[in-house]
Structures are given as structure tokens and as C-alpha cells.
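Colleague: Handing you this structure, nothing more for now.
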Amino acid sequence: RLEKIWLIFGISMLGLFLTVVGVGAFALGMEPPGDHRHTVDPEKLSTTAPFDKPGLKQIGDQEYEANLVAFAFGYSPDQMEIPLGAKVHFQITSQDVVHGFQVNGTNINMMVVPGEVNRLTYTFTKPGEYLVLCNEYCGAAHEVMMMKIVVK
Ligand code: CUA
């Protein structure tokens, strides 16, 4: 009789344990709040925000989103003006093949993958012109694929 109670208790605890682990795993698998988009259809960039209107977008006091689309062989937009000292959340994707996004004079160096949105937050602390280069071989005109960031 007592054994049966302990058996039921044990099974209940095991069930509870598995539930907690399951819920925990589910919670870990979930995306952080406010961040619902890690993938994007490269065929539908022209109708998918924010890539339908690439460019710099103010989202707060001294805080911006820099939305960019890479393609063979360039970036949209091909020039971006960024306020000095502002926190910039880069979000970039590719509309065709894998490209790179390397900003000279900074540690910004991202792979740009079709179907994925790559993110990086950066604050420019020096004014000037920054050359952005593609550092993943992407075809015949890879060498000339570039854009410019102007910080002021
Ligand atoms: Cu794009 Cu190399």
C-alpha cells in the first residue's frame, strides 16, 4: 500500500520533471521578443518589410535600423548616411547568392545569405567615409561590389 503511494508519487514527479524540461526546451527554442524574423524569402524582398524600403530608419533617440539588400553586384542603398555616435542595428539579406558586408576601418564583417537576415549592432565613433566591400566571392564583378557609409 505504502509502496503503491510512493510509486504514484515517483511517476508524478517524473511527469512533472519531463513537463518542466519540455517547457524549458520550448522556451529556449522561441525567438526573443520583438525579433520575429530570421528568415526572409529572397524572391519577395520587394514586398517584405523592411527590405521593400532599404535604408536608414530611426527607431529611437540616437538609435537606427540600417536595412540593406545585397545583390550581384552591389548593395541597396549604395550609400548610407549615419549620424555619429548613434546606435545602428544593421539588418542585411541577399536577393541572390552569398555576399559579404565588410566595413573598412571597423570590425563589421558579416556574411550575407539569401533567405536569412543577418544582424549586427554598431556605433560609429569616428566621422568619415567608410568603404563597404563584399568579401565573399559572388561572381564576375565581385571585385567591384561595394557601397559607401558616410558618418557625420
Ligand atoms: Cu558580392 Cu562578392
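Following the order of the C-alpha cells, chains are lettered A, B, ..., residues in each are numbered from 1, and ligands are numbered from 1.
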Can I get the residues close to ligand 1 as a VMD selection string, where close means within 9 Å and we count only C-alpha atoms and all ligand atoms?
Modeller: chain A and resid 70 to 75 97 to 101 112 133 to 146
Colleague: Find, counting only C-alpha atoms, the residue in A:Leu131, A:Val69, A:Leu7, A:Ile149 that gets nearest to Val113 in chain A.
Modeller: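 When distances to Val113 in chain A are compared using only C-alpha atoms, the smallest one comes from A:Val69.
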Colleague: Can you list, as a ChimeraX atom specification, all residues belonging to chain A that DSSP tags as strand (DSSP E)?
Modeller: /A:55-60,63-71,74-76,79-82,87-94,99-103,109-112,118-123,128-133,146-151
Colleague: Could you name the residues that touch range 40-52 of chain A at 12 Å or less, counting only C-alpha atoms, but leaving out those on the same chain fewer than 3 positions away, as number ranges by chain?
Modeller: A: 36-37, 55-57, 65-71, 75-77, 90-98, 112-118
Colleague: What's around Val150 in chain A at 6 Å? Count only C-alpha atoms, leave out sequence neighbours fewer than 2 positions away in its own chain, and write the answer as a list of chain:residue names.
Modeller: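 Skipping anything fewer than 2 positions along the chain leaves A:Glu81, A:Gly128, A:Glu129.
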Colleague: Determine, counting only C-alpha atoms, which protein, DNA and RNA residues have an atom within 12 Å of an atom of Asp61 in chain A; residues of the same chain fewer than 4 positions away are not included. Present the result as a list of chain:residue names.
Modeller: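 Counting only C-alpha atoms, the residues come to A:Lys57, A:Glu65, A:Pro83, A:Gly85, A:Ala86, A:Lys87, A:Val88.
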Colleague: Identify, with DSSP run on backbone atoms, the residues in chain A assigned to helix (DSSP H, G or I), and express the list as JSON, numbers by chain.
Modeller: {"A": [2, 3, 4, 5, 6, 7, 8, 9, 10, 11, 12, 13, 14, 15, 16, 17, 18, 19, 20, 21, 22, 23, 24, 25, 26, 27, 28, 29, 42, 43, 44, 45, 46, 47, 142, 143, 144]}
Colleague: Would you export the selected residues with N, CA and C atoms as a compact mmCIF listing (two decimals), in the first residue's frame, please?
Modeller:
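Result file part_31.txt:
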```
# COMPACT_ATOMS: atom_id res chain seq x y z
N LEU A 2 1.78 1.29 0.93
CA LEU A 2 2.70 2.43 1.01
C LEU A 2 3.57 2.49 -0.25
N GLU A 3 3.99 1.30 -0.71
CA GLU A 3 4.82 1.23 -1.92
C GLU A 3 4.10 1.81 -3.12
N LYS A 4 2.78 1.52 -3.17
CA LYS A 4 1.98 1.98 -4.29
C LYS A 4 1.93 3.52 -4.29
N ILE A 5 1.78 4.10 -3.10
CA ILE A 5 1.74 5.56 -2.98
C ILE A 5 3.05 6.16 -3.47
N TRP A 6 4.16 5.53 -3.05
CA TRP A 6 5.48 6.04 -3.47
C TRP A 6 5.66 5.89 -4.97
N LEU A 7 5.13 4.80 -5.51
CA LEU A 7 5.24 4.57 -6.95
C LEU A 7 4.50 5.67 -7.70
N ILE A 8 3.28 5.96 -7.23
CA ILE A 8 2.47 7.01 -7.88
C ILE A 8 3.18 8.36 -7.74
N PHE A 9 3.72 8.60 -6.53
CA PHE A 9 4.44 9.84 -6.27
C PHE A 9 5.63 9.97 -7.22
N GLY A 10 6.38 8.86 -7.36
CA GLY A 10 7.55 8.85 -8.24
C GLY A 10 7.18 9.13 -9.68
N ILE A 11 6.13 8.47 -10.14
CA ILE A 11 5.70 8.68 -11.54
C ILE A 11 5.24 10.12 -11.74
N SER A 12 4.55 10.66 -10.73
CA SER A 12 4.08 12.05 -10.84
C SER A 12 5.27 13.00 -10.94
N MET A 13 6.28 12.75 -10.10
CA MET A 13 7.47 13.62 -10.12
C MET A 13 8.18 13.53 -11.46
N LEU A 14 8.23 12.31 -11.99
CA LEU A 14 8.88 12.11 -13.29
C LEU A 14 8.11 12.89 -14.37
N GLY A 15 6.78 12.80 -14.29
CA GLY A 15 5.93 13.52 -15.25
C GLY A 15 6.16 15.02 -15.14
N LEU A 16 6.22 15.51 -13.91
CA LEU A 16 6.43 16.94 -13.66
C LEU A 16 7.78 17.37 -14.22
N PHE A 17 8.79 16.55 -13.95
CA PHE A 17 10.15 16.83 -14.42
C PHE A 17 10.19 16.94 -15.95
N LEU A 18 9.57 15.95 -16.61
CA LEU A 18 9.57 15.94 -18.08
C LEU A 18 8.82 17.16 -18.61
N THR A 19 7.75 17.55 -17.91
CA THR A 19 6.99 18.73 -18.34
C THR A 19 7.87 19.98 -18.26
N VAL A 20 8.58 20.10 -17.13
CA VAL A 20 9.44 21.28 -16.92
C VAL A 20 10.53 21.33 -18.01
N VAL A 21 11.16 20.18 -18.26
CA VAL A 21 12.21 20.13 -19.28
C VAL A 21 11.63 20.47 -20.65
N GLY A 22 10.46 19.92 -20.95
CA GLY A 22 9.81 20.16 -22.23
C GLY A 22 9.48 21.63 -22.42
N VAL A 23 8.91 22.23 -21.39
CA VAL A 23 8.54 23.64 -21.45
C VAL A 23 9.81 24.50 -21.59
N GLY A 24 10.84 24.11 -20.85
CA GLY A 24 12.11 24.84 -20.92
C GLY A 24 12.70 24.80 -22.31
N ALA A 25 12.70 23.62 -22.91
CA ALA A 25 13.26 23.47 -24.25
C ALA A 25 12.45 24.28 -25.25
N PHE A 26 11.13 24.29 -25.05
CA PHE A 26 10.26 25.04 -25.94
C PHE A 26 10.57 26.53 -25.82
N ALA A 27 10.76 26.97 -24.57
CA ALA A 27 11.03 28.40 -24.33
C ALA A 27 12.35 28.80 -24.97
N LEU A 28 13.36 27.93 -24.88
CA LEU A 28 14.67 28.22 -25.46
C LEU A 28 14.59 28.29 -26.98
N GLY A 29 13.70 27.46 -27.54
CA GLY A 29 13.57 27.40 -28.98
C GLY A 29 12.86 28.62 -29.54
N PRO A 42 13.87 35.37 -50.43
CA PRO A 42 14.65 36.25 -51.31
C PRO A 42 13.87 36.68 -52.56
N GLU A 43 12.86 35.90 -52.92
CA GLU A 43 12.05 36.23 -54.10
C GLU A 43 11.07 37.36 -53.81
N LYS A 44 10.83 37.59 -52.51
CA LYS A 44 9.77 38.54 -52.16
C LYS A 44 10.30 39.75 -51.39
N LEU A 45 11.59 40.05 -51.57
CA LEU A 45 12.17 41.17 -50.82
C LEU A 45 11.49 42.50 -51.14
N SER A 46 11.06 42.65 -52.38
CA SER A 46 10.49 43.93 -52.80
C SER A 46 9.14 44.19 -52.14
N THR A 47 8.57 43.15 -51.52
CA THR A 47 7.29 43.35 -50.84
C THR A 47 7.37 42.95 -49.38
N HIS A 142 32.49 40.56 -58.60
CA HIS A 142 32.68 40.56 -57.14
C HIS A 142 33.63 41.66 -56.67
N GLU A 143 34.73 41.81 -57.43
CA GLU A 143 35.78 42.76 -57.03
C GLU A 143 35.29 44.20 -56.94
N VAL A 144 34.25 44.52 -57.70
CA VAL A 144 33.79 45.92 -57.73
C VAL A 144 32.50 46.11 -56.93
```
